[in-house]
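This report concerns only the one structure given below.
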Amino acid sequence: MTVMAERPTISGTESQSFEGLLKTLDELVVPDGFKAEIIRGSIVMSPWSKGYYQRVMRLVCAQMEPYVPESHLIERAPFLYVFPGNECAYGPDIHVAHERAFETESRHLDGESLSLVAELTSPATRKDDLTDKVGVYAKAGVPVYLILDMQEEQAIVYGSPSREGIYEVRFTKPFGEKLSIPDPFGFLLDTTGFKAP
């Protein structure tokens with residue numbers, strides 16, 4: 001039996017260019033139960049979500065669907081969005097992007113096409129979801145970044161990214177309450193049912 005760290009990184013990738021990292025990521029055989037992203041210039045593998053996260057993602061998507069901007073699509077399928085200026089590539093749990101982003105043969109989608117990203121934290125991803133990704137998504141101009149902090153049982157939403165790459169709006173609510181999702185969505189997300197069973 002092989003034992004792996006909760007969040008292994010691929011050694012030897014630290015000195016590669018971003019394009020080299022993307023090529024390595026494309027060729028990587030990711031062990032069952034893990035997904036791979038590029039975070040802070042390294043390829044990082046994270047375990048798949050817990051089973052009940054599916055229920056939470058389904059609840060979020062069902063509430064959000066009527067408010068998705070025209071010509072944008074909401075997805076839970078695994079896609080890799082690239083942010084070359086930050087040398088990052090993320091596979092968010094829920095993402096809303098312009099339909100043109102999907103009209104490509106590439107596996108690497110344009111991060112600037114996103115209008116919303118939602119991440120459900122896990123012990124392995126929580127730190128990056130709450131820190132690095134906030135800055136990367138803001139710099140890319142992603143209008144809304146929703147974090148469902150599954151460990152603290154609270155929802156955090158960021159909105160209105162500035163030209164300096166900082167979100168000007170931030171709201172937090174405990175699970176069970178309604179959270180205001182900023183424009184271009186503009187609705188109240190009911191977080192009832194988001195807690196662990």
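Chain lettering (A, B, ...) mirrors the order of the structure tokens, residue numbering begins at 1 for each chain separately, and ligand numbering begins at 1 in order of display.
Residues with any atom within 7 Å of Gly159 (chain A), counting only C-alpha atoms and excluding same-chain neighbours fewer than 5 positions away, are Pro143, Val144, Tyr145, Tyr167, Glu168, Val169, Arg170 and Pro182 of chain A.
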Output N, CA and C atoms for every residue in the selection just made, as a short mmCIF file (atom, residue, chain, number, x, y, z; two decimals), in the first residue's frame.
data_model
loop_
_atom_site.label_atom_id
_atom_site.label_comp_id
_atom_site.auth_asym_id
_atom_site.auth_seq_id
_atom_site.Cartn_x
_atom_site.Cartn_y
_atom_site.Cartn_z
N PRO A 143 -15.99 38.78 -11.07
CA PRO A 143 -16.90 39.63 -10.30
C PRO A 143 -17.32 39.09 -8.94
N VAL A 144 -17.49 37.76 -8.81
CA VAL A 144 -17.97 37.18 -7.55
C VAL A 144 -17.15 35.94 -7.22
N TYR A 145 -16.66 35.90 -5.97
CA TYR A 145 -15.97 34.73 -5.45
C TYR A 145 -16.68 34.31 -4.17
N TYR A 167 -10.83 42.86 -3.86
CA TYR A 167 -12.28 42.88 -3.76
C TYR A 167 -12.70 43.97 -2.78
N GLU A 168 -13.66 44.80 -3.21
CA GLU A 168 -14.13 45.91 -2.38
C GLU A 168 -15.32 45.53 -1.52
N VAL A 169 -15.96 44.40 -1.80
CA VAL A 169 -17.14 43.95 -1.06
C VAL A 169 -16.83 42.58 -0.46
N ARG A 170 -17.22 42.39 0.82
CA ARG A 170 -17.07 41.10 1.48
C ARG A 170 -18.20 40.95 2.50
N PRO A 182 -23.44 39.45 -4.75
CA PRO A 182 -23.37 40.71 -5.49
C PRO A 182 -23.66 40.57 -6.98
#
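What separates CA of Met64 (chain A) from CA of Thr191 (chain A) is a distance of 12.0 Å.
Here CA of Gln151 (chain A) is placed at a distance of 11.9 Å from CA of Tyr53 (chain A).
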Spatial neighbours of Ile74 (chain A), max dist 9 Å, only C-alpha atoms, sep filter under 2 positions, as a PyMOL selection string
chain A and resi 61+64-65+68+72+76+94-97+116
Per residue of region 86-187 of chain A within 8 Å of region 22-45 of chain A, record the nearest atom pair and its distance in Å to one decimal, counting only C-alpha atoms, with rows in chain order and ascending residue number, as a Markdown table.
| residue | atom | partner | partner_atom | distance |
| --- | --- | --- | --- | --- |
| A:Asn86 | CA | A:Arg40 | CA | 7.8 |
| A:Glu87 | CA | A:Gly41 | CA | 5.8 |
| A:Cys88 | CA | A:Ile38 | CA | 5.0 |
| A:Ala89 | CA | A:Ile38 | CA | 4.8 |
| A:Tyr90 | CA | A:Glu37 | CA | 5.3 |
| A:Gly91 | CA | A:Glu37 | CA | 6.5 |
Could you save those same residues with N, CA and C atoms as a PDB file, in the first residue's frame?
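Resulting contents of out.pdb:
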ATOM      1  N   ASN A  86      -0.481  35.180 -12.832  1.00  0.00           N
ATOM      2  CA  ASN A  86      -0.210  34.730 -11.470  1.00  0.00           C
ATOM      3  C   ASN A  86       0.413  33.331 -11.432  1.00  0.00           C
ATOM      4  N   GLU A  87       0.625  32.745 -12.626  1.00  0.00           N
ATOM      5  CA  GLU A  87       1.167  31.400 -12.747  1.00  0.00           C
ATOM      6  C   GLU A  87       0.366  30.401 -11.906  1.00  0.00           C
ATOM      7  N   CYS A  88      -0.960  30.475 -12.055  1.00  0.00           N
ATOM      8  CA  CYS A  88      -1.875  29.590 -11.340  1.00  0.00           C
ATOM      9  C   CYS A  88      -2.855  28.970 -12.322  1.00  0.00           C
ATOM     10  N   ALA A  89      -3.355  27.810 -11.961  1.00  0.00           N
ATOM     11  CA  ALA A  89      -4.414  27.148 -12.720  1.00  0.00           C
ATOM     12  C   ALA A  89      -5.280  26.410 -11.706  1.00  0.00           C
ATOM     13  N   TYR A  90      -6.560  26.773 -11.668  1.00  0.00           N
ATOM     14  CA  TYR A  90      -7.465  26.241 -10.661  1.00  0.00           C
ATOM     15  C   TYR A  90      -8.611  25.474 -11.307  1.00  0.00           C
ATOM     16  N   GLY A  91      -9.083  24.464 -10.596  1.00  0.00           N
ATOM     17  CA  GLY A  91     -10.267  23.712 -10.996  1.00  0.00           C
ATOM     18  C   GLY A  91     -11.347  23.921  -9.954  1.00  0.00           C
TER      19      GLY A  91
END
Every residue of region 75-191 of chain A that DSSP places in helix (DSSP H, G or I), as JSON, numbers by chain:
{"A": [84, 85, 86, 99, 100, 101, 102, 111, 112, 113, 126, 127, 128, 129, 130, 132, 133, 134, 135, 136, 137, 138, 139]}
Based on the selection just made, write C-alpha atoms of those residues as a tab-separated table (two decimals), in the first residue's frame.
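Now in again_26.tsv:
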chain	number	residue	atom	x	y	z
A	84	PRO	CA	-0.90	33.13	-16.50
A	85	GLY	CA	-0.14	36.48	-14.84
A	86	ASN	CA	-0.21	34.73	-11.47
A	99	GLU	CA	-19.97	30.34	-23.13
A	100	ARG	CA	-17.08	31.38	-25.43
A	101	ALA	CA	-14.63	30.03	-22.83
A	102	PHE	CA	-15.76	26.49	-23.70
A	111	GLY	CA	-9.72	32.55	-16.10
A	112	GLU	CA	-10.81	36.02	-17.18
A	113	SER	CA	-13.98	34.54	-18.73
A	126	ARG	CA	-8.98	25.75	2.98
A	127	LYS	CA	-5.88	27.94	3.37
A	128	ASP	CA	-5.50	28.51	-0.39
A	129	ASP	CA	-9.25	29.07	-0.85
A	130	LEU	CA	-9.24	31.76	1.86
A	132	ASP	CA	-4.24	33.00	-2.48
A	133	LYS	CA	-7.34	32.41	-4.56
A	134	VAL	CA	-8.99	35.60	-3.28
A	135	GLY	CA	-6.13	37.66	-4.74
A	136	VAL	CA	-5.86	35.72	-8.00
A	137	TYR	CA	-9.59	35.88	-8.72
A	138	ALA	CA	-9.72	39.61	-7.87
A	139	LYS	CA	-6.72	40.40	-10.12
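The gap separating CA of Pro197 (chain A) from CA of Ala118 (chain A) is 20.6 Å, in Å to one decimal.
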Pick from A:Thr131, A:Ser122, A:Ser46, A:Gln63 nearest to Ile166 (chain A), counting only C-alpha atoms:
A:Thr131
Top pick for closest residue to Leu80 (chain A), considering A:Ile181, A:Leu109, A:Leu21, A:Ile156 and counting only C-alpha atoms:
A:Leu109
Going by DSSP on the backbone, which residues of chain A come out as strand (DSSP E)? List them as a ChimeraX atom specification.
/A:34-39,42-47,72-75,80-83,88-90,94-98,108-110,114-120,144-149,154-161,167-174,178-181,187-190
Using C-alpha atoms, can you export the residues from the last selection as a short mmCIF file (atom, residue, chain, number, x, y, z; two decimals), in the first residue's frame?
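Written file, part11.cif:
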data_model
loop_
_atom_site.label_atom_id
_atom_site.label_comp_id
_atom_site.auth_asym_id
_atom_site.auth_seq_id
_atom_site.Cartn_x
_atom_site.Cartn_y
_atom_site.Cartn_z
CA PHE A 34 -7.23 13.43 -6.15
CA LYS A 35 -7.36 16.47 -8.45
CA ALA A 36 -4.38 18.60 -9.48
CA GLU A 37 -4.00 22.39 -9.73
CA ILE A 38 -1.14 24.85 -10.09
CA ILE A 39 -0.81 26.94 -6.94
CA SER A 42 3.81 24.27 -8.03
CA ILE A 43 1.56 21.40 -9.03
CA VAL A 44 -0.53 20.48 -5.99
CA MET A 45 -2.86 17.52 -5.61
CA SER A 46 -5.92 17.70 -3.36
CA PRO A 47 -8.33 14.93 -2.34
CA HIS A 72 -22.86 32.47 -19.35
CA LEU A 73 -22.98 28.84 -18.21
CA ILE A 74 -22.92 27.41 -14.68
CA GLU A 75 -20.96 24.17 -14.26
CA LEU A 80 -9.01 23.97 -15.37
CA TYR A 81 -8.96 27.77 -15.55
CA VAL A 82 -5.58 29.40 -16.13
CA PHE A 83 -4.27 32.68 -14.75
CA CYS A 88 -1.88 29.59 -11.34
CA ALA A 89 -4.41 27.15 -12.72
CA TYR A 90 -7.46 26.24 -10.66
CA ILE A 94 -18.62 25.59 -9.12
CA HIS A 95 -17.93 28.08 -11.89
CA VAL A 96 -19.87 30.43 -14.12
CA ALA A 97 -18.13 31.54 -17.31
CA HIS A 98 -18.99 33.04 -20.67
CA HIS A 108 -6.95 25.22 -20.24
CA LEU A 109 -9.80 27.71 -20.06
CA ASP A 110 -9.39 31.48 -19.75
CA LEU A 114 -15.31 33.71 -15.25
CA SER A 115 -18.18 35.69 -13.75
CA LEU A 116 -18.36 33.60 -10.54
CA VAL A 117 -16.30 30.99 -8.76
CA ALA A 118 -17.46 28.99 -5.73
CA GLU A 119 -15.12 26.85 -3.66
CA LEU A 120 -16.13 24.40 -0.91
CA VAL A 144 -17.97 37.18 -7.55
CA TYR A 145 -15.97 34.73 -5.45
CA LEU A 146 -18.03 32.58 -3.09
CA ILE A 147 -16.32 30.49 -0.40
CA LEU A 148 -18.32 27.87 1.45
CA ASP A 149 -16.14 27.26 4.50
CA GLN A 154 -20.01 29.79 7.08
CA ALA A 155 -20.38 31.37 3.66
CA ILE A 156 -18.11 34.22 2.53
CA VAL A 157 -18.67 36.18 -0.65
CA TYR A 158 -16.36 38.68 -2.32
CA GLY A 159 -17.49 41.11 -5.02
CA SER A 160 -16.60 44.25 -6.96
CA PRO A 161 -12.94 43.63 -7.84
CA TYR A 167 -12.28 42.88 -3.76
CA GLU A 168 -14.13 45.91 -2.38
CA VAL A 169 -17.14 43.95 -1.06
CA ARG A 170 -17.07 41.10 1.48
CA PHE A 171 -20.03 39.52 3.33
CA THR A 172 -20.06 36.56 5.73
CA LYS A 173 -23.01 34.57 7.09
CA PRO A 174 -23.19 31.34 9.10
CA LYS A 178 -29.21 34.03 3.65
CA LEU A 179 -26.18 35.63 2.01
CA SER A 180 -26.40 38.49 -0.49
CA ILE A 181 -24.62 37.54 -3.73
CA PHE A 187 -29.81 37.47 -5.27
CA LEU A 188 -30.00 36.00 -1.77
CA LEU A 189 -28.37 32.58 -1.40
CA ASP A 190 -30.14 30.47 1.22
#
